[in-house]
Amino acid sequence: MSTIDAKLVAASLASLRDLGRATISDLTEMTGLSRPTVTAALHALVASGQATEHDARAAAGRPARTYSPVAGSTVAVGLDLTRSTVRLVIADRTGRVLIAGGSDIAPPTTGRPSLVPVRSLLVQALERVGRGLSDVAAMGIAVAGLIDEDGILVSAPQISEWSGRHLQTMFSDYFGVPAVVDNDLSLAAEAESRQGALADAETGVYALTWHHVSARVTASGSVLRGRRGRAGEVGLLRAFSDVDVPEGSLLEAVPRVESELRRLRDDPADQRGLAALNALSAAMTPAMAALLLTVDPDVIVLGGELSEYADLLAGPLADGIRVAVTGIEAGARVIRGGDLGPDAAALGALGLAFEKHSHAIYGLPDVPAPLITTESENEQMTTDPAVEAAPFRAAVIGVGARAGVALHVREAGGSVVAAVDPDVKTHERARRLFGDIPVFGSVAELLASGIEIDGAFVTTPDFTHADVSVELLEAGIATYIEKPLAISIEDADRILEAGHRTGTKVYVGHNMRHMRVVRMLKEIVDRGEIGEVKAIWCRHFVGHGGDYYFKDWHAERDKAMSLLLQKGAHDIDVMHWIAGTSTRSVVGVGDLAVYGDVESRRDNSDRRMGDWFSMSNWPPAAQQDLNPVIDVEDISMIMMRTDSGVLMSYQQCHFTPDYWRNYTVIGTEGRIENFDDDAGGEIRLWNARSDYLEKGHVRYPIDDGGDGGHGGADPLTVAEFVDFVRRGTPTDTSPVAARDAVAAGIGGALSIRSQSAPVQIPRLSDDLLEYYAAHQPSRR
């Protein structure tokens with residue numbers, strides 16, 4: 001952008017956008033800016049690709065130059081997660097709606113709310129208008145709940161699992177798009193005030209009947225929210241919340257009452273419809289009367305599920321108010337339905353995205369939100385029943401300790417239809433886990449069976465990952481590979497090359513990228529709270545190491561290479577992700593300090609870890625039945641220098657009494673450190689000079705990630721894989737990053753075993769880097 005003040009450019013862009021096509025004179029008049037200023041602003045907009053200059057109009061005298069805004073591929077999104085199904089609106093930068101409407105997707109509500117179907121719906125809608133997730137500059141999201149001034153959801157009747165969460169961060173993190181979140185009723189009222197039924201009202205009330213009668217008061221086009229956003233929540237008063245309508249409470253009866261009102265519209269004499277109308281108006285009257293007395297509005301707009309029946313409700317409701325209070329005339333003329341219908345909250349969310357994320361949408365701050373325009377030929381949002389109904393058919397390769405991760409495919413709309421394991425003793429276990437499914441002895445047998453597979457979970461021992469994965473990829477089966485990707489850099493590269501060559505999707509299960517502690521650490525860094533990252537340290541106290549890794553094949557170099565892969569690949573990947581970089585050189589020290597001296601040895605191939613694990617196996621030197629061969633280190637310390645110059649260190653010990661990991665991230669303006677790595681722990685931030693300060697200057701409690709392995713991360717990782725295969729949705733995990741984590745761990749092990757000689761990490765080819773950076777685009 002040119003040196004002209006960005007606010008002046010923003011004003012010129014907004015006016016040009018709203019006019020559609022204009023001359024310099026048009027914009028000078030509309031903005032009130034001088035002609036030289038408008039001219040400079042237009043030059044800056046044309047240079048940055050935001051505007052187009054057209055051939056001069058033919059006219060007597062000097063022809064005028066005209067300009068128009070460039071819509072481009074950038075879009076903003078509004079989502080409403082509060083109605084019976086998800087509603088969505090997508091608009092280009094000019095405010096023109098490209099697609100809008102409802103769907104067949106149920107919103108995330110109580111229980112374990114999942115955003116996976118919502119993301120699938122969004123991707124499908126974007127595809128219908130020729131866009132992808134990368135084109136989304138910002139999102140606004142409407143939720144049913146009260147959100148405080150810090151963005152924390154403090155009350156959520158429909159989504160109690162999200163109470164206490166910072167929703168803006170949660171949605172931004174999940175969708176990978178700048179997001180803003182607000183109460184659905186406030187957003188719907190804002191939309192009706194901007195360009196709907198409240199646009200001409202100096203004072204208005206937007207009322208919603210859902211869990212109770214709630215409302216928002218508008219004054220001169222703005223919603224009055226109150227100190228904690230509760231202004232208008234009159235239905236919370238006990239006196240107003242217990243009124244019954246036919247066949248149950250107001251909430252339970254809404255669908256039934258709606259059906260009765262539909263009958264009444266068809267037949268004005270329908271007795272059941274009349275009874276429902278009278279009961280509903282009686283239920284709403286106390287709250288509405290209180291609002292009318294408090295606000296004295298010009299207009300009352302009825303929104304929500306009953307909006308389309310406002311014409312029926314207006315008369316009885318006005319009569320009820322007239323009886324309930326004295327000295328007030330509430331004629332039917334002041335009570336009406338909303339103009340925006342069921343899309344009101346989604347349109348309000350879209351407007352909020354434009355308002356709060358101007359820079360993301362336009363590349364400029366402070367560009368006023370556009371008038372949202374909807375044309376009759378716009379796409380209407382519907383789901384593709386064939387896509388949504390088709391279950392994801394998964395195979396599990398290797399029925400070992402991590403095979404159970406594939407069970408989460410059920411939550412993503414799929415099932416396990418086959419399993420593979422060469423050990424016949426595991427076949428019964430496969431059926432216990434996954435039901436009555438065929439179990440094969442090899443991948444070749446599975447492929448020959450003709451069973452249709454959409455994706456496979458490779459949970460075999462680490463040293464088999466490369467051969468198994470390449471065989472699946474060559475057969476065109478999308479592959480989820482349990483970390484580590486492989487136990488040699490050559491094998492890791494072989495997998496990536498096979499994925500690139502065949503165009504088959506590769507996914508590596510680095511589930512820690514979905515753990516709340518890791519995501520919170522990254523969010524703090526990305527918000528700039530510690531400045532530019534310069535160093536990251538990780539200490540991993542592997543208190544269960546003796547049971548986890550020294551009683552089976554993990555203890556052998558030729559099968560595991562090093563526990564810097566099995567355990568360290570997680571942490572190295574996390575450090576790389578937080579800093580946005582990868583290791584280029586590594587040096588380390590380590591030793592087999594304890595378990596090599598334990599004399600009790602046994603071949604445990606006839607058992608599983610659950611057979612020998614016990615918290616009473618202590619102290620480490622008293623362990624029993626260790627693997628016959630132990631030649632991997634039980635303590636390792638490596639130091640890494642990255643592409644960007646960030647320095648990293650990783651320490652891992654398998655004979656500590658406690659089991660957790662600690663990250664310290666140091667930037668130019670502060671540092672953060674986690675204490676515990678799950679709900680109940682916290683992240684502490686130091687951002688000012690001090691002496692010893694135990695609790696830091698800011699403390700962030702670690703969110704509860706929910707049920708599922710790795711603090712709720714396993715189901716999120718599986719859902720991401722399924723969505724990636726079905727839709728091509730970009731993922732937070734990365735096969736290249738998984739390879740880089742393996743390479744750093746291998747480099748560290750080689751350095752340890754060569755008297756701490758530095759090891760350089762080879763780079764991938766540009767072709768592979770570009771392909772995976774583009775999220776493995778389809779070439780079929």
# chains A, B, ... in the order shown; residues from 1 in each chain; ligands from 1
>>> residues_around(residues="segment 532-542 of chain A", least_positions_apart="2", cutoff="7 Å", atoms="only C-alpha atoms", output="PyMOL selection string")
chain A and resi 530+544-545+575+579+646-656+658-668
>>> select_by_dssp(residues="segment 506-632 of chain A", states="helix (DSSP H, G or I)", output="PyMOL selection string")
chain A and resi 511-514+516-526+545-549+553-555+557-560+563-566+568-579+595-597+609-612+620-622
>>> closest_residue(among="A:Val295, A:Ile105, A:Ala738, A:Val589", to="Arg87 of chain A", atoms="only C-alpha atoms")
A:Ile105
>>> residues_around(residues="segment 129-143 of chain A", least_positions_apart="5", cutoff="6 Å", atoms="only C-alpha atoms", output="ChimeraX atom specification")
/A:74-82,177-184,349-350,352-353,360-361
>>> write_last_selection(atoms="C-alpha atoms", output="tab-separated table (two decimals), in the first residue's frame")
chain	number	residue	atom	x	y	z
A	74	THR	CA	-11.56	-13.95	-0.79
A	75	VAL	CA	-14.72	-14.66	1.17
A	76	ALA	CA	-16.13	-14.13	4.67
A	77	VAL	CA	-18.39	-16.63	6.41
A	78	GLY	CA	-21.25	-16.38	8.88
A	79	LEU	CA	-22.32	-19.50	10.83
A	80	ASP	CA	-25.33	-19.95	13.08
A	81	LEU	CA	-24.94	-22.95	15.39
A	82	THR	CA	-28.12	-22.35	17.40
A	177	VAL	CA	-9.26	-18.83	10.06
A	178	PRO	CA	-9.58	-15.60	12.10
A	179	ALA	CA	-12.92	-15.98	13.89
A	180	VAL	CA	-15.17	-13.88	16.06
A	181	VAL	CA	-18.00	-15.30	18.18
A	182	ASP	CA	-21.08	-13.70	19.70
A	183	ASN	CA	-24.51	-14.48	21.10
A	184	ASP	CA	-27.00	-15.52	18.43
A	349	ALA	CA	-22.29	-13.22	12.32
A	350	LEU	CA	-21.16	-12.44	8.76
A	352	LEU	CA	-19.40	-9.15	12.63
A	353	ALA	CA	-16.66	-10.94	10.68
A	360	ALA	CA	-7.80	-10.07	7.11
A	361	ILE	CA	-10.49	-9.45	4.48
>>> residues_around(residues="Ser307 of chain A", least_positions_apart="6", cutoff="10 Å", atoms="only C-alpha atoms", output="VMD selection string")
chain A and resid 207 to 209 301 313 336 to 342
>>> write_last_selection(atoms="all heavy atoms", output="CSV table (one decimal), in the first residue's frame")
chain,number,residue,atom,x,y,z
A,207,ALA,N,-37.2,-10.1,19.8
A,207,ALA,CA,-37.5,-11.1,20.8
A,207,ALA,C,-37.4,-12.5,20.2
A,207,ALA,O,-37.8,-12.7,19.0
A,207,ALA,CB,-38.9,-10.9,21.4
A,208,LEU,N,-36.9,-13.5,21.0
A,208,LEU,CA,-36.7,-14.8,20.5
A,208,LEU,C,-37.4,-15.8,21.5
A,208,LEU,O,-37.1,-15.7,22.7
A,208,LEU,CB,-35.2,-15.1,20.4
A,208,LEU,CG,-34.9,-16.5,19.9
A,208,LEU,CD1,-35.2,-16.7,18.4
A,208,LEU,CD2,-33.4,-16.8,20.1
A,209,THR,N,-38.2,-16.7,21.0
A,209,THR,CA,-38.7,-17.7,21.9
A,209,THR,C,-38.0,-19.0,21.5
A,209,THR,O,-38.1,-19.6,20.5
A,209,THR,CB,-40.2,-17.9,21.6
A,209,THR,OG1,-40.9,-16.7,22.0
A,209,THR,CG2,-40.8,-19.0,22.5
A,301,VAL,N,-40.0,-7.0,17.1
A,301,VAL,CA,-39.8,-8.0,16.1
A,301,VAL,C,-39.7,-9.4,16.7
A,301,VAL,O,-38.9,-9.6,17.7
A,301,VAL,CB,-38.5,-7.7,15.3
A,301,VAL,CG1,-38.2,-8.9,14.3
A,301,VAL,CG2,-38.7,-6.4,14.5
A,313,LEU,N,-49.5,-14.0,15.8
A,313,LEU,CA,-49.3,-13.8,17.3
A,313,LEU,C,-49.5,-12.3,17.6
A,313,LEU,O,-49.8,-12.0,18.8
A,313,LEU,CB,-47.9,-14.1,17.6
A,313,LEU,CG,-47.6,-15.6,17.9
A,313,LEU,CD1,-46.1,-15.8,17.8
A,313,LEU,CD2,-48.1,-16.0,19.3
A,336,ARG,N,-44.2,-7.4,14.8
A,336,ARG,CA,-44.1,-8.1,13.5
A,336,ARG,C,-42.9,-9.0,13.4
A,336,ARG,O,-42.1,-9.0,14.3
A,336,ARG,CB,-43.9,-7.0,12.4
A,336,ARG,CG,-42.7,-6.1,12.4
A,336,ARG,CD,-42.8,-5.1,11.3
A,336,ARG,NE,-41.6,-4.3,11.2
A,336,ARG,CZ,-41.5,-3.0,11.2
A,336,ARG,NH1,-42.7,-2.3,11.3
A,336,ARG,NH2,-40.4,-2.3,11.0
A,337,GLY,N,-42.9,-9.8,12.4
A,337,GLY,CA,-41.8,-10.8,12.2
A,337,GLY,C,-40.6,-10.1,11.6
A,337,GLY,O,-40.6,-9.0,11.0
A,338,GLY,N,-39.4,-10.8,11.7
A,338,GLY,CA,-38.2,-10.3,11.1
A,338,GLY,C,-38.2,-10.4,9.6
A,338,GLY,O,-38.8,-11.3,9.0
A,339,ASP,N,-37.5,-9.5,9.0
A,339,ASP,CA,-37.3,-9.5,7.5
A,339,ASP,C,-36.3,-10.5,7.0
A,339,ASP,O,-36.4,-11.0,5.9
A,339,ASP,CB,-36.9,-8.1,7.0
A,339,ASP,CG,-38.0,-7.1,7.1
A,339,ASP,OD1,-39.2,-7.5,7.3
A,339,ASP,OD2,-37.7,-5.9,7.0
A,340,LEU,N,-35.4,-10.9,7.9
A,340,LEU,CA,-34.3,-11.7,7.5
A,340,LEU,C,-34.5,-13.2,7.7
A,340,LEU,O,-33.7,-14.1,7.4
A,340,LEU,CB,-33.0,-11.3,8.2
A,340,LEU,CG,-32.6,-9.9,8.0
A,340,LEU,CD1,-31.3,-9.5,8.7
A,340,LEU,CD2,-32.4,-9.5,6.5
A,341,GLY,N,-35.6,-13.5,8.4
A,341,GLY,CA,-36.0,-14.9,8.6
A,341,GLY,C,-35.0,-15.7,9.4
A,341,GLY,O,-34.3,-15.2,10.2
A,342,PRO,N,-34.9,-17.0,9.0
A,342,PRO,CA,-34.0,-17.9,9.8
A,342,PRO,C,-32.5,-17.6,9.6
A,342,PRO,O,-31.7,-18.1,10.4
A,342,PRO,CB,-34.4,-19.3,9.3
A,342,PRO,CG,-34.9,-19.0,7.9
A,342,PRO,CD,-35.7,-17.7,8.0
>>> residues_around(residues="segment 13-27 of chain A", least_positions_apart="4", cutoff="6 Å", atoms="only C-alpha atoms", output="JSON, numbers by chain")
{"A": [31, 65, 66, 67, 68, 69, 94]}
>>> residues_around(residues="His359 of chain A", least_positions_apart="4", cutoff="12 Å", atoms="only C-alpha atoms", output="PyMOL selection string")
chain A and resi 6-7+10+93+137-138+178+353-355+363-369
>>> atom_distance(atom1="atom CA of Ala191 of chain A", atom2="atom CA of Ala344 of chain A")
6.1 Å
>>> residues_around(residues="segment 487-502 of chain A", least_positions_apart="3", cutoff="8 Å", atoms="only C-alpha atoms", output="short mmCIF file (atom, residue, chain, number, x, y, z; two decimals) with C-alpha atoms, in the first residue's frame")
data_model
loop_
_atom_site.label_atom_id
_atom_site.label_comp_id
_atom_site.auth_asym_id
_atom_site.auth_seq_id
_atom_site.Cartn_x
_atom_site.Cartn_y
_atom_site.Cartn_z
CA ASP A 462 7.54 -48.75 13.97
CA PHE A 463 10.06 -50.71 11.93
CA ALA A 466 7.48 -47.87 5.64
CA SER A 469 2.43 -47.70 4.17
CA VAL A 470 4.02 -47.79 0.73
CA LEU A 473 -0.35 -45.97 -0.95
CA GLU A 474 0.56 -47.86 -4.10
CA GLY A 476 -4.52 -46.01 -3.71
CA PRO A 484 6.89 -42.05 14.31
CA LYS A 505 -3.24 -39.06 0.77
CA VAL A 506 -0.69 -39.44 3.58
CA LYS A 559 13.43 -52.21 15.62
CA ALA A 560 13.04 -48.79 17.31
CA MET A 561 16.30 -47.04 16.34
CA LEU A 565 11.64 -41.43 17.85
CA PRO A 735 3.78 -35.37 6.75
CA VAL A 736 6.82 -33.17 6.11
CA ARG A 739 9.56 -36.52 8.65
CA VAL A 742 11.98 -38.26 12.82
CA ALA A 743 15.08 -36.84 11.15
CA ILE A 746 17.63 -39.93 14.33
CA LEU A 764 13.62 -32.87 1.11
CA LEU A 768 7.93 -32.86 -2.22
CA TYR A 771 3.27 -30.81 -2.85
CA GLN A 776 -1.54 -32.86 -1.26
#
>>> closest_residue(among="A:Ser172, A:Ala401, A:Pro762, A:Tyr595", to="Met609 of chain A", atoms="only C-alpha atoms")
A:Ala401
>>> atom_distance(atom1="atom CA of Asn278 of chain A", atom2="atom CA of Leu291 of chain A")
19.8 Å
>>> select_by_dssp(residues="segment 140-203 of chain A", states="strand (DSSP E)", output="list in words")
Gly140, Ile141, Ala142, Val143, Leu146, Ile147, Leu153, Val154, Ser155, Ala179, Val180, Val181, Asp182, Asn183 and Thr203 of chain A
